[in-house]
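Participant: Following this line is input-v2.txt, made up of compact mmCIF, C-alpha atoms and all ligand atoms:
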```
# COMPACT_ATOMS: atom_id res chain seq x y z
CA MET A 1 49.28 22.53 51.67
CA MET A 2 48.41 24.80 48.76
CA SER A 3 46.72 27.12 51.22
CA LYS A 4 49.85 27.23 53.43
CA VAL A 5 52.07 28.05 50.45
CA TYR A 6 49.67 30.77 49.30
CA THR A 7 49.50 32.29 52.78
CA ALA A 8 53.26 32.24 53.15
CA ALA A 9 53.76 33.82 49.72
CA THR A 10 51.07 36.49 49.79
CA ASN A 11 50.53 36.90 53.48
CA LYS A 12 46.76 36.44 53.12
CA ASP A 13 44.29 33.55 53.04
CA PHE A 14 42.36 32.18 50.07
CA THR A 15 39.00 33.87 49.60
CA TYR A 16 35.82 31.77 49.86
CA PRO A 17 35.23 31.60 46.05
CA ASP A 18 38.91 30.64 45.58
CA MET A 19 38.51 27.81 48.07
CA CYS A 20 35.33 26.63 46.29
CA ASN A 21 37.09 26.60 42.93
CA ILE A 22 40.07 24.75 44.30
CA LEU A 23 37.88 22.14 45.97
CA ASN A 24 35.88 21.66 42.78
CA PHE A 25 39.06 21.28 40.81
CA VAL A 26 40.44 18.73 43.27
CA LYS A 27 37.15 16.82 43.20
CA GLU A 28 37.02 16.72 39.39
CA ARG A 29 40.62 15.62 39.21
CA SER A 30 40.21 12.78 41.64
CA GLN A 31 37.12 11.64 39.73
CA LYS A 32 39.15 11.61 36.52
CA VAL A 33 41.95 9.67 38.20
CA PHE A 34 39.39 7.14 39.44
CA ILE A 35 37.85 6.73 35.97
CA ASN A 36 41.27 6.40 34.30
CA ARG A 37 42.38 3.85 36.82
CA ASN A 38 39.22 1.81 36.17
CA THR A 39 39.71 1.98 32.40
CA ILE A 40 43.33 0.85 32.68
CA GLN A 41 42.35 -1.95 35.04
CA GLN A 42 39.63 -3.17 32.67
CA ARG A 43 42.03 -3.06 29.73
CA ASN A 44 44.67 -4.99 31.65
CA GLU A 45 42.12 -7.61 32.70
CA ALA A 46 41.01 -8.07 29.07
CA ARG A 47 44.62 -8.33 27.97
CA LYS A 48 45.40 -10.83 30.70
CA GLU A 49 42.46 -12.97 29.61
CA LYS A 50 43.53 -12.83 25.96
CA PHE A 51 47.10 -13.87 26.78
CA ALA A 52 45.86 -16.66 29.04
CA ASN A 53 43.65 -17.98 26.22
CA ASP A 54 46.47 -17.73 23.70
CA ARG A 55 48.78 -19.58 26.03
CA LYS A 56 46.17 -22.29 26.64
CA GLU A 57 45.79 -22.81 22.90
CA LEU A 58 49.53 -22.96 22.33
CA SER A 59 50.21 -25.34 25.20
CA GLY A 60 47.84 -27.84 23.58
CA PHE A 61 49.70 -27.65 20.32
CA ASP A 62 50.89 -31.02 19.08
CA PHE A 63 53.96 -30.54 16.94
CA ASP A 64 53.78 -34.11 15.67
CA LYS A 65 50.58 -33.43 13.77
CA GLU A 66 50.65 -32.24 10.22
CA LEU A 67 50.47 -28.49 9.79
CA VAL A 68 48.10 -27.21 7.16
CA SER A 69 46.48 -23.86 6.67
CA TYR A 70 42.81 -23.40 7.47
CA LYS A 71 41.99 -22.92 3.83
CA SER A 72 43.09 -26.40 2.83
CA LYS A 73 41.12 -28.12 5.57
CA ALA A 74 37.91 -29.96 4.80
CA PRO A 75 35.12 -29.71 7.40
CA GLU A 76 35.24 -33.44 8.20
CA GLN A 77 38.98 -33.21 8.79
CA ILE A 78 38.36 -30.49 11.31
CA ARG A 79 35.62 -32.55 12.96
CA LYS A 80 37.80 -35.61 13.22
CA ASP A 81 40.64 -33.42 14.46
CA LEU A 82 42.93 -34.84 11.81
CA PHE A 83 44.71 -31.58 11.25
CA TRP A 84 45.92 -28.72 13.32
CA PRO A 85 45.97 -25.22 12.00
CA SER A 86 49.39 -24.04 11.03
CA PHE A 87 51.55 -22.71 13.81
CA GLY A 88 51.63 -19.28 12.24
CA GLU A 89 47.87 -19.04 12.49
CA LEU A 90 47.93 -19.88 16.17
CA LEU A 91 50.21 -16.94 16.78
CA ARG A 92 47.61 -14.49 15.62
CA ASP A 93 49.75 -11.41 15.69
CA PHE A 94 52.76 -12.98 14.04
CA ASP A 95 51.86 -12.02 10.49
CA VAL A 96 50.62 -8.59 11.45
CA ILE A 97 53.79 -7.68 13.31
CA VAL A 98 56.49 -9.31 11.23
CA LYS A 99 55.31 -9.80 7.67
CA CYS A 100 55.14 -7.24 4.88
CA ILE A 101 51.62 -5.78 4.68
CA ALA A 102 51.53 -6.00 0.88
CA CYS A 103 52.91 -9.47 0.07
CA HIS A 104 52.82 -11.33 3.42
CA ALA A 105 55.88 -13.20 2.21
CA PHE A 106 58.93 -11.35 3.44
CA ALA A 107 59.78 -9.56 6.65
CA LYS A 108 58.87 -5.90 7.05
CA LYS A 109 61.84 -3.66 6.39
CA SER A 110 60.53 -0.11 6.12
CA ALA A 111 58.43 2.15 8.27
CA ARG A 112 55.72 1.78 5.63
CA GLY A 113 55.37 -1.84 6.70
CA LEU A 114 56.70 -3.11 3.41
CA CYS A 115 59.44 -5.64 2.75
CA GLY A 116 62.53 -4.80 0.70
CA VAL A 117 61.01 -6.12 -2.51
CA CYS A 118 57.68 -4.30 -2.18
CA SER A 119 59.50 -1.07 -1.20
CA PHE A 120 61.57 -1.47 -4.32
CA TYR A 121 58.46 -1.95 -6.46
CA VAL A 122 56.92 1.21 -4.99
CA ASP A 123 60.07 3.34 -5.39
CA ALA A 124 60.96 2.01 -8.84
CA GLY A 125 57.44 2.66 -10.17
CA LEU A 126 56.78 -1.05 -10.81
CA TRP A 127 53.39 -0.69 -9.13
CA GLU A 128 51.62 -3.46 -11.03
CA ARG A 129 53.96 -5.99 -9.42
CA ILE A 130 52.64 -5.25 -5.92
CA VAL A 131 50.62 -8.34 -5.06
CA ASN A 132 47.92 -6.67 -2.98
CA ASP A 133 46.60 -3.75 -5.00
CA LYS A 134 45.35 -2.11 -1.80
CA TYR A 135 48.94 -1.02 -1.23
CA ILE A 136 49.59 0.43 -4.66
CA PRO A 137 50.37 4.11 -4.10
CA LYS A 138 47.73 6.65 -5.12
CA GLY A 139 48.60 9.22 -7.73
CA LEU A 140 50.43 9.26 -10.98
CA GLN A 141 52.67 6.28 -11.62
CA PRO A 142 56.21 7.40 -12.43
CA ASN A 143 57.75 6.41 -15.76
CA LEU A 144 59.38 3.01 -15.75
CA PRO A 145 63.13 3.31 -15.31
CA GLU A 146 65.40 1.94 -17.99
CA ILE A 147 66.61 -1.57 -17.33
CA GLU A 148 70.23 -0.33 -16.98
CA LYS A 149 69.14 1.85 -14.07
CA LEU A 150 66.64 -0.61 -12.62
CA ILE A 151 69.17 -3.41 -12.07
CA PRO A 152 71.66 -1.45 -9.90
CA PHE A 153 68.74 0.22 -8.08
CA ALA A 154 67.32 -3.20 -7.16
CA ALA A 155 70.74 -4.48 -6.11
CA LYS A 156 71.19 -1.54 -3.75
CA LYS A 157 67.64 -1.30 -2.45
CA ILE A 158 66.98 -4.98 -1.84
CA PHE A 159 70.38 -6.53 -1.28
CA GLY A 160 72.39 -3.48 -0.23
CA PHE A 161 75.04 -3.92 -2.93
CA GLU A 162 76.67 -0.80 -4.34
CA ASN A 163 78.49 -2.66 -7.12
CA PHE A 164 78.22 -5.87 -9.05
CA ARG A 165 80.91 -8.48 -9.28
CA GLU A 166 82.31 -9.32 -12.63
CA GLY A 167 79.73 -10.82 -14.95
CA GLN A 168 76.70 -10.40 -12.71
CA ALA A 169 75.22 -7.26 -14.31
CA GLU A 170 75.87 -8.64 -17.80
CA ALA A 171 74.16 -11.94 -16.93
CA ILE A 172 71.09 -10.19 -15.50
CA MET A 173 70.91 -7.82 -18.47
CA ALA A 174 71.15 -10.71 -20.91
CA TYR A 175 68.42 -12.67 -19.15
CA LEU A 176 66.08 -9.70 -18.90
CA SER A 177 66.60 -8.95 -22.60
CA GLY A 178 65.12 -12.37 -23.31
CA LYS A 179 68.36 -14.15 -24.17
CA ASP A 180 69.11 -17.70 -23.08
CA THR A 181 71.82 -17.14 -20.52
CA PHE A 182 74.45 -19.46 -19.14
CA VAL A 183 76.50 -18.24 -16.19
CA SER A 184 79.46 -20.17 -14.86
CA LEU A 185 80.88 -18.86 -11.60
CA LYS A 186 82.79 -20.53 -8.81
CA THR A 187 81.12 -21.35 -5.48
CA GLY A 188 80.48 -18.09 -3.63
CA GLY A 189 80.99 -16.18 -6.86
CA GLY A 190 77.52 -14.58 -6.80
CA LYS A 191 75.31 -16.80 -8.92
CA THR A 192 72.34 -16.46 -6.59
CA LEU A 193 72.19 -12.71 -7.07
CA CYS A 194 71.99 -13.24 -10.84
CA TYR A 195 68.80 -15.22 -10.72
CA ALA A 196 67.30 -13.59 -7.63
CA LEU A 197 67.64 -10.10 -9.08
CA SER A 198 66.49 -11.25 -12.50
CA ALA A 199 63.41 -12.80 -10.93
CA ILE A 200 62.59 -9.58 -9.08
CA CYS A 201 62.98 -7.38 -12.16
CA PHE A 202 61.36 -9.88 -14.54
CA GLU A 203 57.74 -9.32 -15.40
CA GLY A 204 56.02 -12.58 -14.59
CA LEU A 205 56.65 -15.77 -12.70
CA THR A 206 60.14 -17.16 -12.33
CA ILE A 207 60.75 -20.79 -11.41
CA ILE A 208 64.19 -21.58 -10.05
CA PHE A 209 65.58 -25.11 -9.95
CA SER A 210 68.45 -25.04 -7.53
CA PRO A 211 70.73 -28.04 -7.18
CA LEU A 212 71.94 -26.86 -3.79
CA LYS A 213 70.99 -30.08 -1.97
CA ALA A 214 72.68 -32.18 -4.63
CA LEU A 215 75.72 -29.94 -4.37
CA MET A 216 75.85 -30.39 -0.60
CA ASP A 217 75.58 -34.18 -0.92
CA ASP A 218 78.19 -34.11 -3.61
CA GLN A 219 80.67 -32.30 -1.43
CA LYS A 220 80.24 -34.54 1.63
CA VAL A 221 83.53 -36.03 2.68
ZN ZN B 1 56.40 -7.37 0.47
```
Could you write out this structure as C-alpha cells?

Facilitator:
Amino acid sequence: MMSKVYTAATNKDFTYPDMCNILNFVKERSQKVFINRNTIQQRNEARKEKFANDRKELSGFDFDKELVSYKSKAPEQIRKDLFWPSFGELLRDFDVIVKCIACHAFAKKSARGLCGVCSFYVDAGLWERIVNDKYIPKGLQPNLPEIEKLIPFAAKKIFGFENFREGQAEAIMAYLSGKDTFVSLKTGGGKTLCYALSAICFEGLTIIFSPLKALMDDQKV
C-alpha cells in the first residue's frame, strides 16, 4: 500500500535500496510486536495465577475463627491451626494501597502517601513525632511553631476546620500548657476535637477514656 501511495504521489517507484529498508523496518517492527505481545501475555498469566491463588486463600477464610496477627502466633498454634491470620494480612495489598506509609494507622490522604496526621507533622516541623523515621524529611528541620499557631494549623490541616467553636481553643491551650483542664460542653458541642487535637499536638502518649458507650446506654429509651 505504501508503495502505491508513493507511486501516486511522486509518479515513480521505490528504488531497490528503499524497498530493502522498508522491508527491514517492517520485519523489525513485527518482531517487536511479537515480543511485546509475548511479554504482555506472560505478565497477564502471572497476574491471573496470583489472583486465583489470592481468591483460593480468601474463599477458605473462616470468619468464625479468632483473628490474630502473625506476630502474636506461637508455632504450635499455627501447627494446630488454632488461629487464622488477620483478615488484613490475607489481603496483601490492603495496607500498601490504603494505609499511610509512615504510621500504618490512618488512611492515606496526600500524594506523598501520608495520612492527615503525618502530613501535619511533616509540614509543622514536628518531625520527631513521625513513627517510622524512614519517612522523616531530609534536610534542616524548621523551627517549631508557637503553640498558638500550631493549634489552628492542626485544626485546619487534619480536621479541615477554619475556626474553633467557643471554648475549644482555650481548652486545648490550657491542656497543652500543662494545666488540669475541665471542659463542659453539650452533646455535639465539640468536646472530641478538644482531646483529639490536644493528643495530636501533645508530645507523648495520650490515653483517652471515653464514656461514649455508657452515654449511649444511658440515653436508650
Ligand atoms: Zn500517618

Participant: Distance limit 8 Å, reference ligand ZN 1 (chain B), atoms considered: only C-alpha atoms and all ligand atoms. Which residues make the cut? Give them as a list in words.

Facilitator: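 Listed by chain and ascending number, the contacts are Lys99, Cys100, Ile101, Ala102, Cys103, His104, Ala105, Phe106, Ala107, Lys108, Leu114, Cys115, Gly116, Val117, Cys118, Ser119 and Ile130 of chain A.
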
Participant: Quick one: distance from atom CA of Glu166 of chain A to atom CA of Ile151 of chain A in Å, one decimal?

Facilitator: 14.4 Å

Participant: From the options A:Phe209, A:Tyr135, A:Tyr195, A:Tyr121, which residue's atoms come nearest to Leu176 of chain A, counting all atoms listed in the file?

Facilitator: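 Answer, going by the shortest atom-to-atom distance: A:Tyr195.
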
Participant: Compile the contact shell of Arg129 of chain A as a ChimeraX atom specification: residues with an atom at most 10 Å away, counting all atoms listed in the file, same-chain residues fewer than 6 positions apart removed.

Facilitator: /A:117-118,121-122,136,200-204

Participant: Which distance in Å separates atom CA of Ile172 of chain A and atom CA of Cys194 of chain A, to one decimal?

Facilitator: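 Between atom CA of Ile172 of chain A and atom CA of Cys194 of chain A the gap is 5.6 Å.
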
Participant: Figure out the distance between atom CA of Lys156 of chain A and atom CA of Asp180 of chain A, please, to one decimal in Å.

Facilitator: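 Answer for the atom CA of Asp180 of chain A to atom CA of Lys156 of chain A separation: 25.3 Å.
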
Participant: Between A:Leu193, A:Leu212, A:Val131, A:Ile207, which has the minimum distance to Asn163 of chain A (counting all atoms listed in the file)?

Facilitator: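 Among the listed residues, A:Leu193 lies closest to Asn163 of chain A.
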
Participant: Write out as lines of an AutoDock Vina configuration file an axis-aligned box for segment 46-55 of chain A: all of its atoms listed in the file, 6 Å added on each side, centre and edge lengths in Å with one decimal.

Facilitator:
```
center_x = 44.9
center_y = -13.8
center_z = 27.2
size_x = 19.8
size_y = 23.5
size_z = 19.0
```
